[in-house]
>>> print(open('protein.cif').read())   # mmCIF, C-alpha atoms
data_my_file
#
loop_
_atom_site.group_PDB
_atom_site.id
_atom_site.type_symbol
_atom_site.label_atom_id
_atom_site.label_comp_id
_atom_site.auth_asym_id
_atom_site.auth_seq_id
_atom_site.Cartn_x
_atom_site.Cartn_y
_atom_site.Cartn_z
ATOM 1 C CA MET A 1 0.000 0.000 0.000
ATOM 2 C CA ALA A 2 1.670 3.145 -1.236
ATOM 3 C CA PHE A 3 -0.244 5.720 0.805
ATOM 4 C CA GLU A 4 -1.970 5.001 4.076
ATOM 5 C CA THR A 5 -3.191 6.799 7.161
ATOM 6 C CA ARG A 6 -3.325 5.181 10.587
ATOM 7 C CA PHE A 7 -5.644 5.782 13.522
ATOM 8 C CA LEU A 8 -6.284 4.433 17.030
ATOM 9 C CA ASN A 9 -2.672 3.610 17.947
ATOM 10 C CA ASP A 10 -2.050 2.126 14.493
ATOM 11 C CA ARG A 11 -4.812 -0.465 14.879
ATOM 12 C CA VAL A 12 -6.760 1.074 11.974
ATOM 13 C CA VAL A 13 -5.180 1.495 8.537
ATOM 14 C CA VAL A 14 -6.946 3.528 5.841
ATOM 15 C CA ALA A 15 -5.546 2.994 2.336
ATOM 16 C CA VAL A 16 -6.260 2.694 -1.385
ATOM 17 C CA GLY A 17 -6.043 -0.788 -2.826
ATOM 18 C CA ASP A 18 -7.784 -4.008 -3.739
ATOM 19 C CA SER A 19 -9.568 -5.353 -0.684
ATOM 20 C CA ALA A 20 -9.674 -8.840 -2.228
ATOM 21 C CA ARG A 21 -5.866 -8.945 -2.344
ATOM 22 C CA GLN A 22 -5.167 -8.027 1.289
ATOM 23 C CA GLU A 23 -2.946 -10.409 3.245
ATOM 24 C CA VAL A 24 -5.008 -10.515 6.427
ATOM 25 C CA ASP A 25 -6.813 -13.145 8.460
ATOM 26 C CA ALA A 26 -10.194 -12.100 7.034
ATOM 27 C CA ILE A 27 -11.360 -10.122 4.032
ATOM 28 C CA VAL A 28 -14.836 -8.642 4.285
ATOM 29 C CA ASN A 29 -17.049 -9.156 1.275
ATOM 30 C CA ALA A 30 -19.665 -6.496 0.584
ATOM 31 C CA ALA A 31 -22.007 -9.248 -0.550
ATOM 32 C CA ASN A 32 -25.483 -9.239 -1.972
ATOM 33 C CA SER A 33 -28.109 -11.154 -0.024
ATOM 34 C CA SER A 34 -27.917 -14.219 -2.287
ATOM 35 C CA LEU A 35 -24.282 -14.849 -1.204
ATOM 36 C CA LEU A 36 -23.756 -16.294 -4.676
ATOM 37 C CA GLY A 37 -21.491 -13.606 -6.127
ATOM 38 C CA GLY A 38 -22.265 -10.442 -8.012
ATOM 39 C CA GLY A 39 -20.488 -7.335 -9.174
ATOM 40 C CA GLY A 40 -17.834 -5.153 -7.592
ATOM 41 C CA VAL A 41 -16.041 -6.488 -4.522
ATOM 42 C CA ASP A 42 -18.425 -9.458 -4.292
ATOM 43 C CA GLY A 43 -17.681 -10.609 -7.832
ATOM 44 C CA ALA A 44 -13.923 -10.143 -7.396
ATOM 45 C CA ILE A 45 -13.871 -12.184 -4.193
ATOM 46 C CA HIS A 46 -15.772 -15.055 -5.800
ATOM 47 C CA ARG A 47 -13.650 -14.940 -8.989
ATOM 48 C CA VAL A 48 -10.288 -14.826 -7.227
ATOM 49 C CA GLY A 49 -11.298 -17.033 -4.304
ATOM 50 C CA GLY A 50 -12.607 -19.827 -6.484
ATOM 51 C CA PRO A 51 -15.406 -22.386 -6.103
ATOM 52 C CA ARG A 52 -14.820 -23.280 -2.435
ATOM 53 C CA ILE A 53 -16.270 -19.949 -1.274
ATOM 54 C CA LEU A 54 -19.374 -20.417 -3.414
ATOM 55 C CA GLU A 55 -19.843 -23.961 -2.078
ATOM 56 C CA GLU A 56 -19.757 -22.717 1.518
ATOM 57 C CA CYS A 57 -22.101 -19.832 0.705
ATOM 58 C CA ARG A 58 -24.591 -22.267 -0.826
ATOM 59 C CA GLU A 59 -24.401 -24.366 2.341
ATOM 60 C CA ILE A 60 -25.073 -21.278 4.501
ATOM 61 C CA ARG A 61 -28.094 -20.484 2.325
ATOM 62 C CA ARG A 62 -29.391 -24.053 2.649
ATOM 63 C CA ASP A 63 -28.829 -24.355 6.400
ATOM 64 C CA ARG A 64 -29.235 -20.863 7.884
ATOM 65 C CA TYR A 65 -30.510 -18.244 5.443
ATOM 66 C CA PRO A 66 -32.722 -19.858 2.771
ATOM 67 C CA LYS A 67 -34.183 -16.447 1.824
ATOM 68 C CA GLY A 68 -30.756 -14.808 1.664
ATOM 69 C CA LEU A 69 -28.565 -12.993 4.151
ATOM 70 C CA PRO A 70 -30.423 -9.940 5.508
ATOM 71 C CA PRO A 71 -28.808 -6.482 5.537
ATOM 72 C CA GLY A 72 -26.670 -5.922 8.630
ATOM 73 C CA GLU A 73 -25.882 -9.622 9.119
ATOM 74 C CA ALA A 74 -22.525 -11.344 8.572
ATOM 75 C CA VAL A 75 -21.304 -14.919 8.023
ATOM 76 C CA ILE A 76 -17.835 -16.426 7.654
ATOM 77 C CA THR A 77 -16.366 -18.880 5.128
ATOM 78 C CA THR A 78 -12.908 -20.011 4.183
ATOM 79 C CA ALA A 79 -11.102 -17.850 1.627
ATOM 80 C CA GLY A 80 -10.310 -20.348 -1.102
ATOM 81 C CA ASN A 81 -7.492 -18.962 -3.274
ATOM 82 C CA LEU A 82 -7.459 -15.516 -1.659
ATOM 83 C CA PRO A 83 -4.417 -14.450 0.394
ATOM 84 C CA ALA A 84 -6.609 -14.312 3.536
ATOM 85 C CA ARG A 85 -7.668 -17.255 5.700
ATOM 86 C CA HIS A 86 -11.362 -16.352 5.763
ATOM 87 C CA VAL A 87 -13.999 -14.251 4.044
ATOM 88 C CA ILE A 88 -16.638 -12.530 6.137
ATOM 89 C CA HIS A 89 -19.687 -11.824 3.992
ATOM 90 C CA THR A 90 -21.951 -8.951 5.025
ATOM 91 C CA VAL A 91 -24.870 -7.315 3.273
ATOM 92 C CA GLY A 92 -25.019 -3.551 3.498
ATOM 93 C CA PRO A 93 -28.217 -1.561 3.259
ATOM 94 C CA VAL A 94 -29.478 -0.094 0.010
ATOM 95 C CA TYR A 95 -29.613 3.565 0.965
ATOM 96 C CA GLY A 96 -33.112 4.894 1.550
ATOM 97 C CA GLU A 97 -34.874 1.515 1.542
ATOM 98 C CA HIS A 98 -34.918 0.692 5.266
ATOM 99 C CA ARG A 99 -37.312 3.198 6.861
ATOM 100 C CA GLY A 100 -34.613 5.277 8.524
ATOM 101 C CA ALA A 101 -32.567 2.289 9.719
ATOM 102 C CA ASP A 102 -29.782 2.682 7.136
ATOM 103 C CA ALA A 103 -27.136 3.877 9.620
ATOM 104 C CA GLU A 104 -28.033 1.156 12.128
ATOM 105 C CA LEU A 105 -27.784 -1.540 9.447
ATOM 106 C CA LEU A 106 -24.496 -0.208 8.075
ATOM 107 C CA ALA A 107 -22.998 -0.067 11.572
ATOM 108 C CA ALA A 108 -24.172 -3.641 12.151
ATOM 109 C CA CYS A 109 -22.241 -4.779 9.049
ATOM 110 C CA TYR A 110 -19.008 -3.541 10.611
ATOM 111 C CA GLU A 111 -19.835 -4.619 14.168
ATOM 112 C CA LYS A 112 -20.931 -8.152 13.260
ATOM 113 C CA SER A 113 -17.976 -8.642 10.908
ATOM 114 C CA LEU A 114 -15.553 -7.537 13.633
ATOM 115 C CA LYS A 115 -17.284 -9.749 16.184
ATOM 116 C CA LEU A 116 -17.034 -12.782 13.876
ATOM 117 C CA ALA A 117 -13.325 -12.112 13.403
ATOM 118 C CA ALA A 118 -12.733 -11.815 17.146
ATOM 119 C CA THR A 119 -14.845 -14.911 17.871
ATOM 120 C CA HIS A 120 -12.626 -16.882 15.481
ATOM 121 C CA SER A 121 -9.470 -15.463 17.134
ATOM 122 C CA LEU A 122 -8.467 -13.561 14.013
ATOM 123 C CA THR A 123 -6.166 -10.592 14.480
ATOM 124 C CA SER A 124 -6.431 -8.742 11.157
ATOM 125 C CA ILE A 125 -9.318 -7.844 8.875
ATOM 126 C CA ALA A 126 -9.783 -5.779 5.704
ATOM 127 C CA PHE A 127 -13.009 -3.992 4.780
ATOM 128 C CA PRO A 128 -14.096 -2.416 1.506
ATOM 129 C CA ALA A 129 -16.398 0.610 1.665
ATOM 130 C CA ILE A 130 -19.696 -1.159 2.342
ATOM 131 C CA SER A 131 -22.837 0.078 0.534
ATOM 132 C CA THR A 132 -21.187 3.146 -1.064
ATOM 133 C CA GLY A 133 -21.237 1.805 -4.622
ATOM 134 C CA ALA A 134 -24.318 0.265 -6.205
ATOM 135 C CA TYR A 135 -26.233 0.576 -2.903
ATOM 136 C CA ARG A 136 -25.848 4.405 -3.084
ATOM 137 C CA TYR A 137 -24.945 5.086 0.554
ATOM 138 C CA PRO A 138 -23.467 8.625 0.644
ATOM 139 C CA ARG A 139 -19.721 8.306 1.196
ATOM 140 C CA ALA A 140 -19.465 11.040 3.844
ATOM 141 C CA GLU A 141 -22.270 9.536 5.933
ATOM 142 C CA ALA A 142 -20.844 6.036 5.494
ATOM 143 C CA ALA A 143 -17.450 7.248 6.756
ATOM 144 C CA THR A 144 -19.003 8.572 9.941
ATOM 145 C CA VAL A 145 -21.043 5.415 10.578
ATOM 146 C CA ALA A 146 -18.202 3.010 9.752
ATOM 147 C CA SER A 147 -15.549 4.816 11.795
ATOM 148 C CA ARG A 148 -17.840 5.065 14.835
ATOM 149 C CA ALA A 149 -18.667 1.352 14.644
ATOM 150 C CA VAL A 150 -15.015 0.302 14.284
ATOM 151 C CA LYS A 151 -13.851 2.653 17.045
ATOM 152 C CA GLN A 152 -16.534 1.466 19.461
ATOM 153 C CA PHE A 153 -15.731 -2.182 18.794
ATOM 154 C CA LEU A 154 -11.974 -1.735 19.202
ATOM 155 C CA GLU A 155 -12.451 0.126 22.509
ATOM 156 C CA ASN A 156 -13.808 -3.124 23.959
ATOM 157 C CA ASP A 157 -11.731 -5.714 22.079
ATOM 158 C CA ALA A 158 -8.066 -6.642 22.265
ATOM 159 C CA THR A 159 -8.134 -9.518 19.754
ATOM 160 C CA LEU A 160 -7.989 -7.465 16.569
ATOM 161 C CA THR A 161 -4.664 -5.731 16.137
ATOM 162 C CA GLU A 162 -5.254 -4.434 12.596
ATOM 163 C CA VAL A 163 -8.412 -3.255 10.869
ATOM 164 C CA ARG A 164 -7.798 -2.152 7.290
ATOM 165 C CA LEU A 165 -10.299 0.075 5.528
ATOM 166 C CA ILE A 166 -9.460 -0.248 1.844
ATOM 167 C CA PHE A 167 -10.804 2.188 -0.750
ATOM 168 C CA PHE A 168 -11.059 1.874 -4.512
ATOM 169 C CA SER A 169 -9.771 5.381 -5.194
ATOM 170 C CA GLU A 170 -7.737 8.090 -3.522
ATOM 171 C CA SER A 171 -10.735 10.443 -3.635
ATOM 172 C CA ASP A 172 -12.866 7.870 -1.768
ATOM 173 C CA MET A 173 -10.129 7.455 0.826
ATOM 174 C CA LYS A 174 -9.798 11.230 1.277
ATOM 175 C CA MET A 175 -13.574 11.538 1.694
ATOM 176 C CA PHE A 176 -13.427 8.885 4.410
ATOM 177 C CA ILE A 177 -10.540 10.588 6.216
ATOM 178 C CA LYS A 178 -12.356 13.931 6.104
ATOM 179 C CA HIS A 179 -15.494 12.473 7.713
ATOM 180 C CA GLN A 180 -14.053 9.779 10.012
ATOM 181 C CA GLU A 181 -14.725 9.939 13.725
ATOM 182 C CA PHE A 182 -11.721 8.035 15.077
ATOM 183 C CA LEU A 183 -10.277 11.227 16.542
ATOM 184 C CA ASN A 184 -13.500 12.372 18.248
ATOM 185 C CA ARG A 185 -14.126 11.556 21.887
#
>>> encode(input="protein.cif", output="structure tokens")
Amino acid sequence: MAFETRFLNDRVVVAVGDSARQEVDAIVNAANSSLLGGGGVDGAIHRVGGPRILEECREIRRDRYPKGLPPGEAVITTAGNLPARHVIHTVGPVYGEHRGADAELLAACYEKSLKLAATHSLTSIAFPAISTGAYRYPRAEAATVASRAVKQFLENDATLTEVRLIFFSESDMKMFIKHQEFLNR
């Protein structure tokens, strides 16, 4: 990662890159509710990770979420051919379609993904910007919600030593840094 900014005693790294290529214990997939792949980050994770991820996602659909993974929920699979050990799949909210619960659902994506990582004794995790692409969540608002959720989780958890927030472009990263709340008390 050429340019990065660190927060919270270096436990949070904000950078531009490919979230599917991060060498961490878990990569977060901004999945669609089907868990069967799609566009953007979801499609890249399934393409690079290979068929093992899809097999496990199908099993999760059969056993736990036959109607699809609801927004704000998260599940974990192995990572197949990805450089990570696991993939944590979470479904972000489509902005404006949840009767005012968008921020709560987006925060839950981060919180539940972090909790899954900690529960599995993972120490590093990489997130893409959840819901800010096709799901139209405004980037500035998403930065505030995501940074608050990560900060609150890390204040009460010692398991995770590195949380990477990986952005597609430098402008997206700068927008996040401008609106993050890691430095607020």
>>> residues_near_point(input="protein.cif", point="(-9.9, 4.3, -1.7)", cutoff="12 Å", atoms="all atoms listed in the file", output="number ranges by chain")
A: 1-5, 13-19, 127-130, 132-133, 139, 143, 164-177
>>> residues_around(input="protein.cif", residues="Gly37 in chain A", least_positions_apart="6", cutoff="10 Å", atoms="all atoms listed in the file", output="MDAnalysis selection string")
chainID A and resid 29:31 43:47 53:54 57
>>> resolve_selection(input="protein.cif", expression="the PyMOL selection byres ((chain A and resi 158) around 12)", output="short mmCIF file (atom, residue, chain, number, x, y, z; two decimals) with C-alpha atoms, keeping the file's coordinate frame")
data_model
loop_
_atom_site.label_atom_id
_atom_site.label_comp_id
_atom_site.auth_asym_id
_atom_site.auth_seq_id
_atom_site.Cartn_x
_atom_site.Cartn_y
_atom_site.Cartn_z
CA ARG A 11 -4.81 -0.46 14.88
CA LEU A 114 -15.55 -7.54 13.63
CA LYS A 115 -17.28 -9.75 16.18
CA ALA A 117 -13.32 -12.11 13.40
CA ALA A 118 -12.73 -11.82 17.15
CA THR A 119 -14.84 -14.91 17.87
CA SER A 121 -9.47 -15.46 17.13
CA LEU A 122 -8.47 -13.56 14.01
CA THR A 123 -6.17 -10.59 14.48
CA SER A 124 -6.43 -8.74 11.16
CA PHE A 153 -15.73 -2.18 18.79
CA LEU A 154 -11.97 -1.74 19.20
CA GLU A 155 -12.45 0.13 22.51
CA ASN A 156 -13.81 -3.12 23.96
CA ASP A 157 -11.73 -5.71 22.08
CA THR A 159 -8.13 -9.52 19.75
CA LEU A 160 -7.99 -7.46 16.57
CA THR A 161 -4.66 -5.73 16.14
CA GLU A 162 -5.25 -4.43 12.60
CA VAL A 163 -8.41 -3.26 10.87
#
>>> closest_residue(input="protein.cif", among="A:His89, A:Arg21, A:Arg148, A:His98", to="Leu183 in chain A", atoms="all atoms listed in the file")
A:Arg148
>>> resolve_selection(input="protein.cif", expression="the PyMOL selection byres ((chain A and resi 106) around 8)", output="PDB file with C-alpha atoms, in the frame of the given file")
ATOM      1  CA  GLY A  72     -26.670  -5.922   8.630  1.00  0.00           C
ATOM      2  CA  GLY A  92     -25.019  -3.551   3.498  1.00  0.00           C
ATOM      3  CA  PRO A  93     -28.217  -1.561   3.259  1.00  0.00           C
ATOM      4  CA  ASP A 102     -29.782   2.682   7.136  1.00  0.00           C
ATOM      5  CA  ALA A 103     -27.136   3.877   9.620  1.00  0.00           C
ATOM      6  CA  GLU A 104     -28.033   1.156  12.128  1.00  0.00           C
ATOM      7  CA  LEU A 105     -27.784  -1.540   9.447  1.00  0.00           C
ATOM      8  CA  ALA A 107     -22.998  -0.067  11.572  1.00  0.00           C
ATOM      9  CA  ALA A 108     -24.172  -3.641  12.151  1.00  0.00           C
ATOM     10  CA  CYS A 109     -22.241  -4.779   9.049  1.00  0.00           C
ATOM     11  CA  TYR A 110     -19.008  -3.541  10.611  1.00  0.00           C
ATOM     12  CA  ILE A 130     -19.696  -1.159   2.342  1.00  0.00           C
ATOM     13  CA  SER A 131     -22.837   0.078   0.534  1.00  0.00           C
ATOM     14  CA  ALA A 142     -20.844   6.036   5.494  1.00  0.00           C
ATOM     15  CA  VAL A 145     -21.043   5.415  10.578  1.00  0.00           C
ATOM     16  CA  ALA A 146     -18.202   3.010   9.752  1.00  0.00           C
TER      17      ALA A 146
END
>>> resolve_selection(input="protein.cif", expression="the PyMOL selection byres ((chain A and resi 83-86) around 7)", output="list in words")
Arg21, Gln22, Glu23, Val24, Asp25, Ala26, Ile27, Ile76, Thr77, Thr78, Ala79, Asn81, Leu82, Val87 and Ile88 of chain A
>>> residues_around(input="protein.cif", residues="Leu8 in chain A", least_positions_apart="2", cutoff="8 Å", atoms="only C-alpha atoms", output="list of chain:residue names")
A:Arg6, A:Asp10, A:Arg11, A:Val12, A:Lys151, A:Phe182, A:Leu183
>>> residues_around(input="protein.cif", residues="Pro66 in chain A", least_positions_apart="6", cutoff="12 Å", atoms="all atoms listed in the file", output="NGL selection string")
:A and (33-35 or 57-60)
>>> closest_residue(input="protein.cif", among="A:Val28, A:Ala140, A:Leu69, A:Val94", to="Ser113 in chain A", atoms="all atoms listed in the file")
A:Val28
>>> closest_residue(input="protein.cif", among="A:Arg136, A:Arg99, A:Lys178, A:Lys112", to="Ala74 in chain A", atoms="only C-alpha atoms")
A:Lys112
>>> axis_aligned_box(input="protein.cif", around="range 172-178 of chain A", padding_each_side="4 Å", output="AutoDock Vina command-line options")
--center_x -11.7 --center_y 10.7 --center_z 2.2 --size_x 11.8 --size_y 14.5 --size_z 16.0
>>> atom_distance(input="protein.cif", atom1="CA of Val75 in chain A", atom2="CA of Ser147 in chain A")
20.9 Å
>>> atom_distance(input="protein.cif", atom1="CA of Asp63 in chain A", atom2="CA of Ala101 in chain A")
27.1 Å
>>> closest_residue(input="protein.cif", among="A:Glu73, A:Gly50, A:Glu181, A:Gly68", to="Ala149 in chain A", atoms="only C-alpha atoms")
A:Glu181
>>> atom_distance(input="protein.cif", atom1="CA of Pro138 in chain A", atom2="CA of Val91 in chain A")
16.2 Å
